[in-house]
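For reference, input_9.cif is printed below; it contains mmCIF, C-alpha atoms and all ligand atoms.
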```cif
data_coords
loop_
_atom_site.label_atom_id
_atom_site.label_comp_id
_atom_site.auth_asym_id
_atom_site.auth_seq_id
_atom_site.Cartn_x
_atom_site.Cartn_y
_atom_site.Cartn_z
CA MET A 33 -106.90 53.57 -99.88
CA ILE A 34 -106.15 51.73 -96.62
CA PRO A 35 -106.38 54.39 -93.89
CA ARG A 36 -103.70 54.68 -91.27
CA PHE A 37 -106.20 54.21 -88.46
CA LYS A 38 -109.86 53.64 -87.91
CA PRO A 39 -111.91 53.67 -84.71
CA TYR A 40 -113.43 50.30 -83.77
CA PHE A 41 -116.96 51.60 -84.23
CA THR A 42 -120.11 49.64 -84.91
CA PHE A 43 -123.85 50.24 -84.63
CA ASP A 44 -123.48 49.74 -80.85
CA GLU A 45 -121.81 53.14 -80.52
CA ILE A 46 -124.54 54.85 -82.53
CA LYS A 47 -127.16 53.22 -80.28
CA ALA A 48 -125.20 54.42 -77.24
CA ILE A 49 -125.16 58.00 -78.56
CA MET A 50 -128.95 57.94 -78.82
CA GLY A 51 -129.55 56.06 -75.56
CA GLU A 52 -130.19 56.85 -71.90
CA LYS A 53 -127.47 58.91 -70.18
CA GLU A 54 -128.46 58.98 -66.53
CA ASN A 55 -125.28 58.74 -64.38
CA ILE A 56 -123.38 57.83 -67.49
CA ILE A 57 -120.09 59.56 -66.65
CA TYR A 58 -119.94 57.94 -63.23
CA ASN A 59 -120.78 54.56 -64.78
CA PHE A 60 -118.02 54.95 -67.35
CA GLU A 61 -115.48 55.90 -64.68
CA LYS A 62 -116.49 52.87 -62.60
CA LYS A 63 -116.36 50.47 -65.52
CA PHE A 64 -113.04 51.83 -66.73
CA ALA A 65 -111.47 51.48 -63.27
CA ASN A 66 -112.80 47.95 -63.10
CA ILE A 67 -111.39 46.96 -66.48
CA VAL A 68 -107.89 48.33 -65.82
CA ASN A 69 -107.90 46.95 -62.31
CA ALA A 70 -107.72 50.29 -60.50
CA LYS A 71 -109.60 51.39 -57.41
CA TYR A 72 -110.53 54.86 -58.63
CA ALA A 73 -110.99 56.68 -61.93
CA VAL A 74 -111.75 60.31 -62.76
CA SER A 75 -112.69 61.41 -66.28
CA PHE A 76 -111.22 64.43 -68.08
CA PRO A 77 -111.67 66.10 -71.45
CA SER A 78 -108.21 64.82 -72.45
CA GLY A 79 -105.17 62.98 -71.16
CA ARG A 80 -103.26 66.26 -70.93
CA SER A 81 -105.99 67.75 -68.70
CA GLY A 82 -105.72 64.70 -66.46
CA LEU A 83 -101.95 65.09 -66.12
CA TYR A 84 -102.22 68.85 -65.53
CA SER A 85 -104.88 68.28 -62.86
CA LEU A 86 -102.84 65.60 -61.13
CA LEU A 87 -99.82 67.90 -60.81
CA LYS A 88 -101.98 70.79 -59.61
CA SER A 89 -103.98 68.72 -57.15
CA LEU A 90 -100.79 67.24 -55.66
CA ASN A 91 -99.56 70.80 -55.14
CA ILE A 92 -96.49 70.27 -57.26
CA SER A 93 -95.20 73.65 -58.33
CA ASN A 94 -91.90 74.98 -59.69
CA LYS A 95 -90.39 71.50 -59.48
CA GLU A 96 -88.65 69.27 -62.01
CA ILE A 97 -90.78 66.69 -63.78
CA ILE A 98 -88.94 64.01 -65.74
CA ILE A 99 -90.35 62.81 -69.04
CA PRO A 100 -89.01 60.69 -71.90
CA ALA A 101 -87.46 62.74 -74.70
CA TYR A 102 -89.74 61.02 -77.19
CA THR A 103 -93.40 61.46 -76.39
CA CYS A 104 -96.46 63.49 -77.32
CA LEU A 105 -95.76 67.22 -77.21
CA VAL A 106 -98.85 67.99 -75.13
CA VAL A 107 -97.22 66.15 -72.20
CA PRO A 108 -94.44 68.73 -71.72
CA ALA A 109 -96.98 71.45 -72.52
CA ALA A 110 -99.28 70.32 -69.69
CA ILE A 111 -96.33 70.18 -67.29
CA ILE A 112 -95.23 73.71 -68.12
CA ALA A 113 -98.83 74.93 -67.86
CA SER A 114 -98.99 73.40 -64.37
CA GLY A 115 -96.12 75.69 -63.32
CA ASN A 116 -93.31 73.14 -63.37
CA LYS A 117 -90.02 72.56 -65.18
CA LEU A 118 -89.02 69.77 -67.55
CA ARG A 119 -86.16 67.32 -67.47
CA PHE A 120 -85.69 64.77 -70.23
CA VAL A 121 -84.42 61.20 -70.33
CA ASP A 122 -83.46 59.59 -73.61
CA ILE A 123 -85.33 56.50 -74.77
CA SER A 124 -84.37 52.98 -75.74
CA LEU A 125 -84.55 52.20 -79.45
CA GLN A 126 -85.70 48.68 -78.55
CA ASP A 127 -89.11 49.70 -77.28
CA TYR A 128 -89.17 53.55 -77.47
CA ASN A 129 -89.72 53.77 -73.72
CA MET A 130 -87.64 55.71 -71.21
CA GLU A 131 -84.06 54.40 -70.90
CA LEU A 132 -83.96 53.13 -67.32
CA PRO A 133 -80.17 53.27 -66.72
CA ALA A 134 -80.24 56.98 -67.63
CA VAL A 135 -82.79 57.85 -64.94
CA PRO A 136 -80.49 58.07 -61.88
CA HIS A 137 -78.35 60.68 -63.66
CA ILE A 138 -81.26 63.01 -64.08
CA LEU A 139 -82.84 62.74 -60.62
CA SER A 140 -82.22 65.71 -58.35
CA LYS A 141 -83.51 67.25 -55.13
CA GLU A 142 -85.88 69.23 -57.31
CA THR A 143 -87.49 66.15 -58.88
CA ALA A 144 -91.12 65.90 -57.85
CA ALA A 145 -92.45 63.41 -60.40
CA ILE A 146 -91.43 61.13 -63.23
CA ILE A 147 -93.69 60.21 -66.12
CA PRO A 148 -92.86 56.93 -67.84
CA THR A 149 -94.75 56.33 -71.09
CA HIS A 150 -95.88 52.94 -72.37
CA MET A 151 -95.08 53.95 -75.90
CA TYR A 152 -97.22 52.39 -78.62
CA GLY A 153 -98.71 50.09 -75.98
CA THR A 154 -95.37 48.47 -75.09
CA PRO A 155 -94.98 47.94 -71.34
CA MET A 156 -92.43 50.07 -69.57
CA ASP A 157 -90.71 48.46 -66.59
CA VAL A 158 -92.29 50.62 -63.89
CA LYS A 159 -91.45 48.08 -61.19
CA THR A 160 -87.70 48.68 -61.65
CA LEU A 161 -88.29 52.41 -62.03
CA ARG A 162 -90.03 52.40 -58.64
CA GLU A 163 -86.90 50.80 -57.13
CA ILE A 164 -84.61 53.43 -58.70
CA VAL A 165 -86.65 56.46 -57.78
CA ASP A 166 -86.92 57.88 -54.29
CA LYS A 167 -90.23 57.16 -52.52
CA ASN A 168 -91.19 60.83 -52.32
CA VAL A 169 -91.03 61.23 -56.10
CA TYR A 170 -94.41 60.56 -57.70
CA ILE A 171 -94.57 58.10 -60.58
CA ILE A 172 -97.34 59.02 -62.98
CA GLU A 173 -97.71 56.61 -65.88
CA ASP A 174 -98.59 57.85 -69.33
CA ALA A 175 -100.84 55.09 -70.65
CA ALA A 176 -102.43 57.25 -73.34
CA GLN A 177 -101.69 54.46 -75.80
CA ALA A 178 -101.76 51.60 -73.36
CA VAL A 179 -105.19 50.50 -72.15
CA LEU A 180 -104.67 47.00 -70.70
CA THR A 181 -100.92 46.97 -71.32
CA LYS A 182 -99.31 44.60 -68.83
CA ASN A 183 -98.84 45.88 -65.25
CA VAL A 184 -100.01 49.43 -65.94
CA GLY A 185 -100.98 51.03 -62.64
CA LYS A 186 -99.44 48.33 -60.46
CA TYR A 187 -96.31 50.12 -59.25
CA SER A 188 -97.10 53.81 -59.70
CA ASP A 189 -99.08 56.52 -57.92
CA ALA A 190 -101.44 57.29 -60.78
CA VAL A 191 -101.99 56.67 -64.49
CA PHE A 192 -103.46 58.85 -67.22
CA TYR A 193 -105.16 57.59 -70.35
CA SER A 194 -106.34 59.25 -73.54
CA PHE A 195 -109.43 58.54 -75.67
CA ASN A 196 -108.31 60.71 -78.52
CA ILE A 197 -107.83 59.80 -82.15
CA GLU A 198 -105.75 56.62 -82.70
CA LYS A 199 -106.23 55.34 -79.17
CA GLN A 200 -107.53 51.89 -78.18
CA VAL A 201 -110.62 53.50 -76.65
CA PHE A 202 -111.91 56.24 -78.92
CA THR A 203 -114.45 58.86 -77.87
CA PHE A 204 -113.27 61.78 -80.04
CA GLY A 205 -111.15 63.21 -77.26
CA GLY A 206 -111.32 62.44 -73.58
CA GLY A 207 -109.09 61.08 -70.87
CA MET A 208 -109.06 59.29 -67.56
CA VAL A 209 -106.85 59.28 -64.49
CA THR A 210 -106.77 56.13 -62.38
CA THR A 211 -105.18 55.53 -59.02
CA ASN A 212 -105.26 53.08 -56.13
CA ASN A 213 -104.51 55.85 -53.65
CA GLU A 214 -107.62 57.23 -51.98
CA GLU A 215 -105.93 60.47 -50.97
CA ILE A 216 -104.82 61.21 -54.54
CA TYR A 217 -108.32 60.39 -55.76
CA GLU A 218 -109.96 62.77 -53.28
CA LYS A 219 -107.52 65.58 -54.09
CA LEU A 220 -108.03 65.10 -57.81
CA LYS A 221 -111.81 65.12 -57.52
CA THR A 222 -111.72 68.25 -55.37
CA PHE A 223 -109.44 70.00 -57.86
CA LYS A 224 -111.72 69.03 -60.73
CA ASN A 225 -114.87 70.14 -58.91
CA HIS A 226 -113.35 73.55 -58.18
CA ASN A 227 -111.67 74.24 -61.47
CA PHE A 228 -113.56 72.56 -64.29
CA LYS A 229 -116.60 74.00 -66.04
CA SER A 230 -119.49 71.68 -66.70
CA SER A 231 -119.48 70.78 -70.37
CA SER A 232 -121.34 73.32 -72.46
CA THR A 233 -124.29 72.44 -74.69
CA SER A 234 -122.23 73.44 -77.71
CA ILE A 235 -119.48 70.97 -76.77
CA GLU A 236 -122.08 68.20 -76.16
CA LEU A 237 -123.59 68.94 -79.57
CA LYS A 238 -120.23 69.10 -81.28
CA LYS A 239 -119.14 65.76 -79.80
CA THR A 240 -122.51 64.19 -80.67
CA PHE A 241 -122.13 65.35 -84.26
CA LEU A 242 -118.56 64.09 -84.55
CA LEU A 243 -119.33 60.73 -82.93
CA LEU A 244 -122.44 60.18 -85.05
CA ASN A 245 -120.39 60.88 -88.15
CA THR A 246 -117.39 58.80 -87.10
CA PRO A 247 -118.17 55.86 -89.44
CA PHE A 248 -118.36 58.32 -92.33
CA ILE A 249 -115.34 60.45 -91.35
CA PHE A 250 -113.15 57.35 -91.08
CA SER A 251 -114.48 55.59 -94.15
CA ASP A 252 -111.66 54.54 -96.46
CA SER A 253 -112.45 57.11 -99.14
CA PHE A 254 -113.43 60.17 -97.09
CA PHE A 255 -110.62 59.97 -94.60
CA ARG A 256 -107.93 60.66 -97.19
CA PHE A 257 -109.43 64.12 -97.78
CA ILE A 258 -109.48 64.84 -94.05
CA LEU A 259 -105.90 63.73 -93.80
CA ALA A 260 -104.78 65.83 -96.76
CA LEU A 261 -106.38 68.84 -95.09
CA TRP A 262 -104.77 68.02 -91.79
CA GLU A 263 -101.34 67.48 -93.32
CA SER A 264 -101.46 70.68 -95.31
CA HIS A 265 -102.03 72.61 -92.07
CA GLY A 266 -99.90 70.47 -89.76
CA LEU A 267 -98.08 72.36 -87.07
CA LEU A 268 -99.29 75.60 -88.60
CA THR A 269 -102.46 75.14 -86.58
CA TRP A 270 -100.44 75.57 -83.43
CA LYS A 271 -98.89 78.70 -84.85
CA LYS A 272 -102.28 80.17 -85.65
CA ARG A 273 -103.34 79.73 -82.06
CA GLY A 274 -100.34 81.72 -80.93
CA TRP A 275 -98.28 78.76 -79.88
CA ASN A 276 -95.28 78.81 -82.12
CA LEU A 277 -93.22 75.74 -81.36
CA ASN A 278 -90.23 77.28 -83.08
CA ASN A 279 -90.16 80.22 -80.72
CA LYS A 280 -87.48 79.38 -78.19
CA ASN A 281 -88.49 82.29 -75.98
CA LEU A 282 -92.25 81.89 -76.08
CA PRO A 283 -93.70 83.04 -72.73
CA VAL A 284 -95.00 80.00 -70.83
CA GLU A 285 -98.46 81.58 -70.49
CA GLU A 286 -98.84 81.13 -74.24
CA ILE A 287 -98.50 77.35 -74.15
CA TYR A 288 -101.73 76.13 -75.69
CA LEU A 289 -103.61 73.10 -74.37
CA SER A 290 -106.87 73.13 -76.39
CA ASN A 291 -110.14 75.02 -75.99
CA ASP A 292 -111.98 72.44 -73.88
CA PHE A 293 -108.98 71.86 -71.64
CA ILE A 294 -110.88 72.58 -68.40
CA GLU A 295 -114.38 71.60 -69.46
CA ASN A 296 -115.79 68.34 -68.16
CA TYR A 297 -115.87 65.20 -70.26
CA THR A 298 -119.25 64.99 -71.97
CA ARG A 299 -122.06 62.50 -71.40
CA VAL A 300 -122.25 61.48 -75.01
CA GLN A 301 -118.54 60.59 -74.95
CA ALA A 302 -119.01 58.55 -71.80
CA ALA A 303 -121.85 56.65 -73.50
CA VAL A 304 -119.57 55.81 -76.42
CA GLY A 305 -116.74 54.99 -74.02
CA LEU A 306 -118.90 52.40 -72.26
CA SER A 307 -119.70 50.85 -75.57
CA GLN A 308 -116.01 50.83 -76.58
CA LEU A 309 -115.11 49.04 -73.34
CA LYS A 310 -117.41 46.15 -74.23
CA LYS A 311 -115.10 45.21 -77.08
CA ILE A 312 -111.75 46.34 -75.73
CA LYS A 313 -110.44 42.80 -75.29
CA ASN A 314 -111.28 41.90 -78.86
CA ASN A 315 -109.85 45.18 -80.06
CA ILE A 316 -106.51 44.49 -78.42
CA LYS A 317 -106.47 40.83 -79.39
CA HIS A 318 -106.67 41.80 -83.06
CA ARG A 319 -104.00 44.46 -82.74
CA VAL A 320 -101.65 41.88 -81.28
CA GLU A 321 -102.54 39.38 -84.03
CA ILE A 322 -101.93 41.98 -86.73
CA SER A 323 -98.59 42.99 -85.22
CA LYS A 324 -97.44 39.39 -84.99
CA PHE A 325 -98.52 38.88 -88.57
CA TYR A 326 -96.43 41.85 -89.75
CA ASN A 327 -93.40 40.70 -87.81
CA GLU A 328 -93.68 37.16 -89.10
CA GLN A 329 -94.13 38.24 -92.70
CA LEU A 330 -91.42 40.89 -92.69
CA LYS A 331 -88.77 39.39 -90.49
CA ASP A 332 -86.71 37.59 -93.14
CA ASP A 333 -86.95 39.92 -96.08
CA VAL A 334 -86.73 43.43 -94.90
CA LYS A 335 -84.91 43.52 -91.63
CA LYS A 336 -81.61 44.60 -93.13
CA ILE A 337 -82.86 48.06 -93.97
CA ILE A 338 -86.04 48.30 -91.99
CA THR A 339 -85.94 47.93 -88.22
CA LEU A 340 -88.85 45.90 -86.92
CA PRO A 341 -90.17 46.34 -83.41
CA VAL A 342 -89.36 43.94 -80.60
CA LEU A 343 -92.67 42.30 -79.72
CA LYS A 344 -92.90 42.31 -75.97
CA ASN A 345 -95.18 40.16 -73.88
CA GLY A 346 -98.05 42.29 -72.59
CA SER A 347 -97.94 44.87 -75.42
CA THR A 348 -101.28 46.08 -76.68
CA PHE A 349 -100.09 47.64 -79.94
CA SER A 350 -101.85 50.93 -80.23
CA HIS A 351 -99.41 51.10 -83.15
CA TYR A 352 -97.00 48.82 -84.99
CA THR A 353 -93.79 50.71 -85.61
CA ILE A 354 -90.94 50.23 -88.00
CA ARG A 355 -87.96 52.48 -88.66
CA VAL A 356 -86.99 53.39 -92.19
CA LYS A 357 -84.03 55.48 -93.33
CA ASP A 358 -85.92 57.76 -95.68
CA ARG A 359 -89.39 58.21 -94.21
CA LYS A 360 -90.66 60.62 -96.84
CA ASP A 361 -89.68 58.26 -99.63
CA PHE A 362 -91.34 55.31 -97.88
CA GLU A 363 -94.52 57.28 -97.22
CA MET A 364 -94.75 58.38 -100.86
CA PHE A 365 -94.18 54.85 -102.09
CA MET A 366 -96.87 53.38 -99.83
CA LYS A 367 -99.32 56.15 -100.67
CA LYS A 368 -98.86 55.45 -104.37
CA HIS A 369 -99.85 51.86 -103.60
CA GLY A 370 -102.92 52.80 -101.61
CA VAL A 371 -101.61 52.60 -98.04
CA GLN A 372 -101.59 55.58 -95.73
CA ILE A 373 -98.56 55.60 -93.52
CA ASN A 374 -98.62 57.15 -90.13
CA LYS A 375 -96.01 58.90 -88.06
CA VAL A 376 -97.47 59.59 -84.66
CA PHE A 377 -94.61 61.68 -83.31
CA ASP A 378 -92.24 63.06 -85.91
CA TYR A 379 -90.14 64.93 -83.38
CA SER A 380 -87.98 64.59 -80.31
CA ILE A 381 -89.19 66.89 -77.52
CA PRO A 382 -85.84 68.46 -76.49
CA HIS A 383 -85.14 69.25 -80.16
CA ILE A 384 -88.30 71.37 -80.44
CA PRO A 385 -87.15 74.98 -79.88
CA VAL A 386 -89.94 75.87 -77.46
CA PHE A 387 -88.87 73.03 -75.13
CA SER A 388 -85.11 73.25 -75.69
CA ARG A 389 -84.82 75.88 -72.93
CA TYR A 390 -85.08 72.99 -70.47
CA THR A 391 -81.88 71.32 -71.71
CA THR A 392 -78.28 72.23 -70.95
CA GLY A 393 -77.52 72.18 -74.65
CA LYS A 394 -74.92 69.46 -74.07
CA GLU A 395 -77.19 66.40 -73.98
CA LYS A 396 -77.82 64.72 -77.31
CA PHE A 397 -80.97 62.62 -76.85
CA SER A 398 -79.79 60.76 -79.92
CA SER A 399 -82.23 57.84 -79.68
CA ALA A 400 -85.22 60.18 -79.36
CA TYR A 401 -83.88 62.06 -82.38
CA ILE A 402 -83.67 58.85 -84.43
CA ALA A 403 -87.18 57.78 -83.33
CA GLY A 404 -88.59 61.18 -84.27
CA LYS A 405 -86.91 61.04 -87.66
CA ASN A 406 -87.30 57.42 -88.76
CA ILE A 407 -90.36 55.84 -87.17
CA VAL A 408 -93.42 55.06 -89.23
CA ASN A 409 -96.49 53.12 -88.14
CA LEU A 410 -98.27 50.48 -90.16
CA PRO A 411 -102.04 50.28 -89.63
CA THR A 412 -103.17 48.00 -86.76
CA TYR A 413 -106.84 48.90 -86.41
CA PRO A 414 -108.75 45.74 -85.45
CA GLN A 415 -111.05 45.65 -88.48
CA LEU A 416 -108.00 44.84 -90.64
CA TRP A 417 -107.85 41.39 -89.06
CA TYR A 418 -111.08 40.55 -90.89
CA ASN A 419 -109.64 41.71 -94.18
CA LYS A 420 -106.58 39.61 -94.81
CA ASN A 421 -106.30 40.91 -98.38
CA LYS A 422 -105.57 44.36 -97.08
CA LEU A 423 -103.03 43.05 -94.60
CA GLN A 424 -101.32 41.02 -97.33
CA HIS A 425 -101.31 44.08 -99.53
CA ILE A 426 -99.56 46.18 -96.87
CA VAL A 427 -96.91 43.51 -96.38
CA LYS A 428 -96.43 43.15 -100.14
CA CYS A 429 -95.89 46.90 -100.49
CA VAL A 430 -93.32 47.02 -97.68
CA LYS A 431 -91.44 44.15 -99.31
CA GLU A 432 -91.61 45.79 -102.71
CA TYR A 433 -90.22 48.96 -101.22
CA TYR A 434 -87.40 46.98 -99.74
CA TYR A 435 -86.50 45.24 -103.00
CA ARG A 436 -86.75 48.50 -104.93
CA THR A 437 -84.36 50.28 -102.56
C1 LIG A 501 -98.10 59.06 -75.42
C2 LIG A 501 -99.15 60.11 -75.31
N1 LIG A 501 -99.20 60.85 -74.20
C3 LIG A 501 -100.15 61.80 -74.04
C4 LIG A 501 -101.08 62.06 -75.01
C5 LIG A 501 -102.07 63.16 -74.80
O1 LIG A 501 -103.39 62.73 -74.75
P1 LIG A 501 -104.56 63.77 -75.06
O2 LIG A 501 -104.50 64.07 -76.52
O3 LIG A 501 -105.80 63.04 -74.68
O4 LIG A 501 -104.32 64.96 -74.22
C6 LIG A 501 -101.06 61.33 -76.19
C7 LIG A 501 -102.02 61.61 -77.26
O5 LIG A 501 -101.75 61.52 -78.42
C8 LIG A 501 -100.08 60.32 -76.35
O6 LIG A 501 -100.02 59.57 -77.46
#
```

Please rewrite the model in this file as structure tokens.
Ligand SMILES: Cc1ncc(COP(=O)(O)O)c(C=O)c1O
Amino acid sequence: MIPRFKPYFTFDEIKAIMGEKENIIYNFEKKFANIVNAKYAVSFPSGRSGLYSLLKSLNISNKEIIIPAYTCLVVPAAIIASGNKLRFVDISLQDYNMELPAVPHILSKETAAIIPTHMYGTPMDVKTLREIVDKNVYIIEDAAQAVLTKNVGKYSDAVFYSFNIEKQVFTFGGGMVTTNNEEIYEKLKTFKNHNFKSSSTSIELKKTFLLLNTPFIFSDSFFRFILALWESHGLLTWKKRGWNLNNKNLPVEEIYLSNDFIENYTRVQAAVGLSQLKKIKNNIKHRVEISKFYNEQLKDDVKKIITLPVLKNGSTFSHYTIRVKDRKDFEMFMKKHGVQINKVFDYSIPHIPVFSRYTTGKEKFSSAYIAGKNIVNLPTYPQLWYNKNKLQHIVKCVKEYYYRT
């Protein structure tokens, strides 16, 4: 079975887990800032914690925060938890990023920040966004899937990253906020120092265990069991924790952001992060090569029923996305042929009942709806580049599906 993703892990990470950890978090923050060309970086236990902390430290409260209608559901959750309100902008079906021409219609006196996402590693035009949006509105980039995507951080106030599963830097959870603004950096650090607990021994041990076992967990054969387990629970997990996404009237206090949400990033994760940064360029190079390979191989045969992505200059391809009419059918077909198919976000945020209270009920967000319904991701993890048979097999299966349909 070809898994849908796999961390780029080698013996180097295992050595890092066992190695010296003096000043390791600071070193990771410094190195990360350096690599993404930012002046400052502050680590967090997740991207969502970074976003939440940014909004809190900038004293943004009871204001409107604009996000794309198609993104990760923890983004709106973190905004609500920070005491703010949501506004949505539909996306473009070309690159799944925020639709720029729609932005002016949604700006209001209440807008305090806008959060453009570089979806699947594809660069969002933040330069133009900066020209559209008033200077006193913060632009906070969501680069959870976009380490080293072109121009990230250049035109905004701050950027948040994620080191969770399926990201280009993987440390079994974790996040980073970067900024070039010293004042934002100082405020963020102060907020973190006052509000975050130091990471507990149990969290350090848990992360050490998970990271040590990463090669095993993501081995081709074992991972399918994990995934089956995961899929059988799915959104139910949220329900169990009291956060029922289908409850339109759920009190905002019950929005759930994870147990370690305000615990510091751990040292063992920082050690692995440093090791991951050593090969980030190679990692991204292979993702780009794989994505180009897919596009080249699929462009003539399947494009009539399967929509291929537009490959943009500067994309880092955390994922390679295609749109299919009947996702379930496609997934089943690929699974039967030994390929796990991924759907990172199978929803549109304004269509989730718990978030729909922030819409007027009149907007359609039709592109976000289509993306949430039809997108699937083909594997792009870098190790695949060294196994052309597997890549050929994936392409062959997609073509077979096309000719069968
Ligand atoms: C686009 C996007 N934004 C935000 C996040 C949240 O990151 P984290 O899980 O580290 O909180 C993710 C994670 O999946 C994401 O893909």

Exercise. Which residues sit within 6 Å of ligand LIG 501 (chain A), counting all atoms listed in the file, listed as a ChimeraX atom specification?
Worked result: /A:78-80,103-104,106-107,151,174,176-177,194-196,205-207

For this session: Have a look at A:Lys224, A:Lys229, A:Lys63, A:Arg256 and name the one nearest to Lys367 (chain A); count only C-alpha atoms.
Result: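 Among the listed residues, A:Arg256 lies closest to Lys367 (chain A).
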
For this session: List the neighbours of His425 (chain A) out to 9 Å using all atoms listed in the file; skip same-chain residues closer than 4 positions along the sequence, and give me the result as a list in words.
Result: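 Near neighbours after the sequence-gap exclusion: His369, Val371, Lys420, Asn421, Cys429 and Val430 of chain A.
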
Problem set entry | region 190-193 of chain A surroundings by all atoms listed in the file, 7 Å radius, close-in-sequence under 6 positions cut, as a list in words |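 Result of the neighbour search: Gly79, Gly82, Leu83, Ile171, Ile172, Glu173, Asp174, Ala175, Ala176, Gly207, Met208, Val209, Thr210 and Thr211 of chain A.
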
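Taking all atoms listed in the file, the non-local environment of region 240-255 of chain A within 7 Å (same-chain residues fewer than 4 positions away omitted) comprises Met33, Ile34, Pro35, Lys38, Phe41, Ile46, Phe204, Glu236, Leu259 and Val300 of chain A.
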
Seminar exercise, completed: One residue among A:Ile407, A:Ile287, A:Ala48, A:Leu282 is nearest to Ile338 (chain A) when using only C-alpha atoms, and that residue is A:Ile407

Box time for region 225-228 of chain A: axis-aligned, enclosing all its listed atoms, 3 Å extra on each side; report centre and edge lengths in Å to one decimal, as lines of an AutoDock Vina configuration file.
```
center_x = -113.3
center_y = 72.2
center_z = -61.2
size_x = 9.2
size_y = 10.1
size_z = 12.1
```

Problem set entry | Separation of CA of Ile197 (chain A) from CA of Asn374 (chain A), in Å and rounded to one decimal |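 Result for CA of Ile197 (chain A) versus CA of Asn374 (chain A): 12.5 Å, one decimal.
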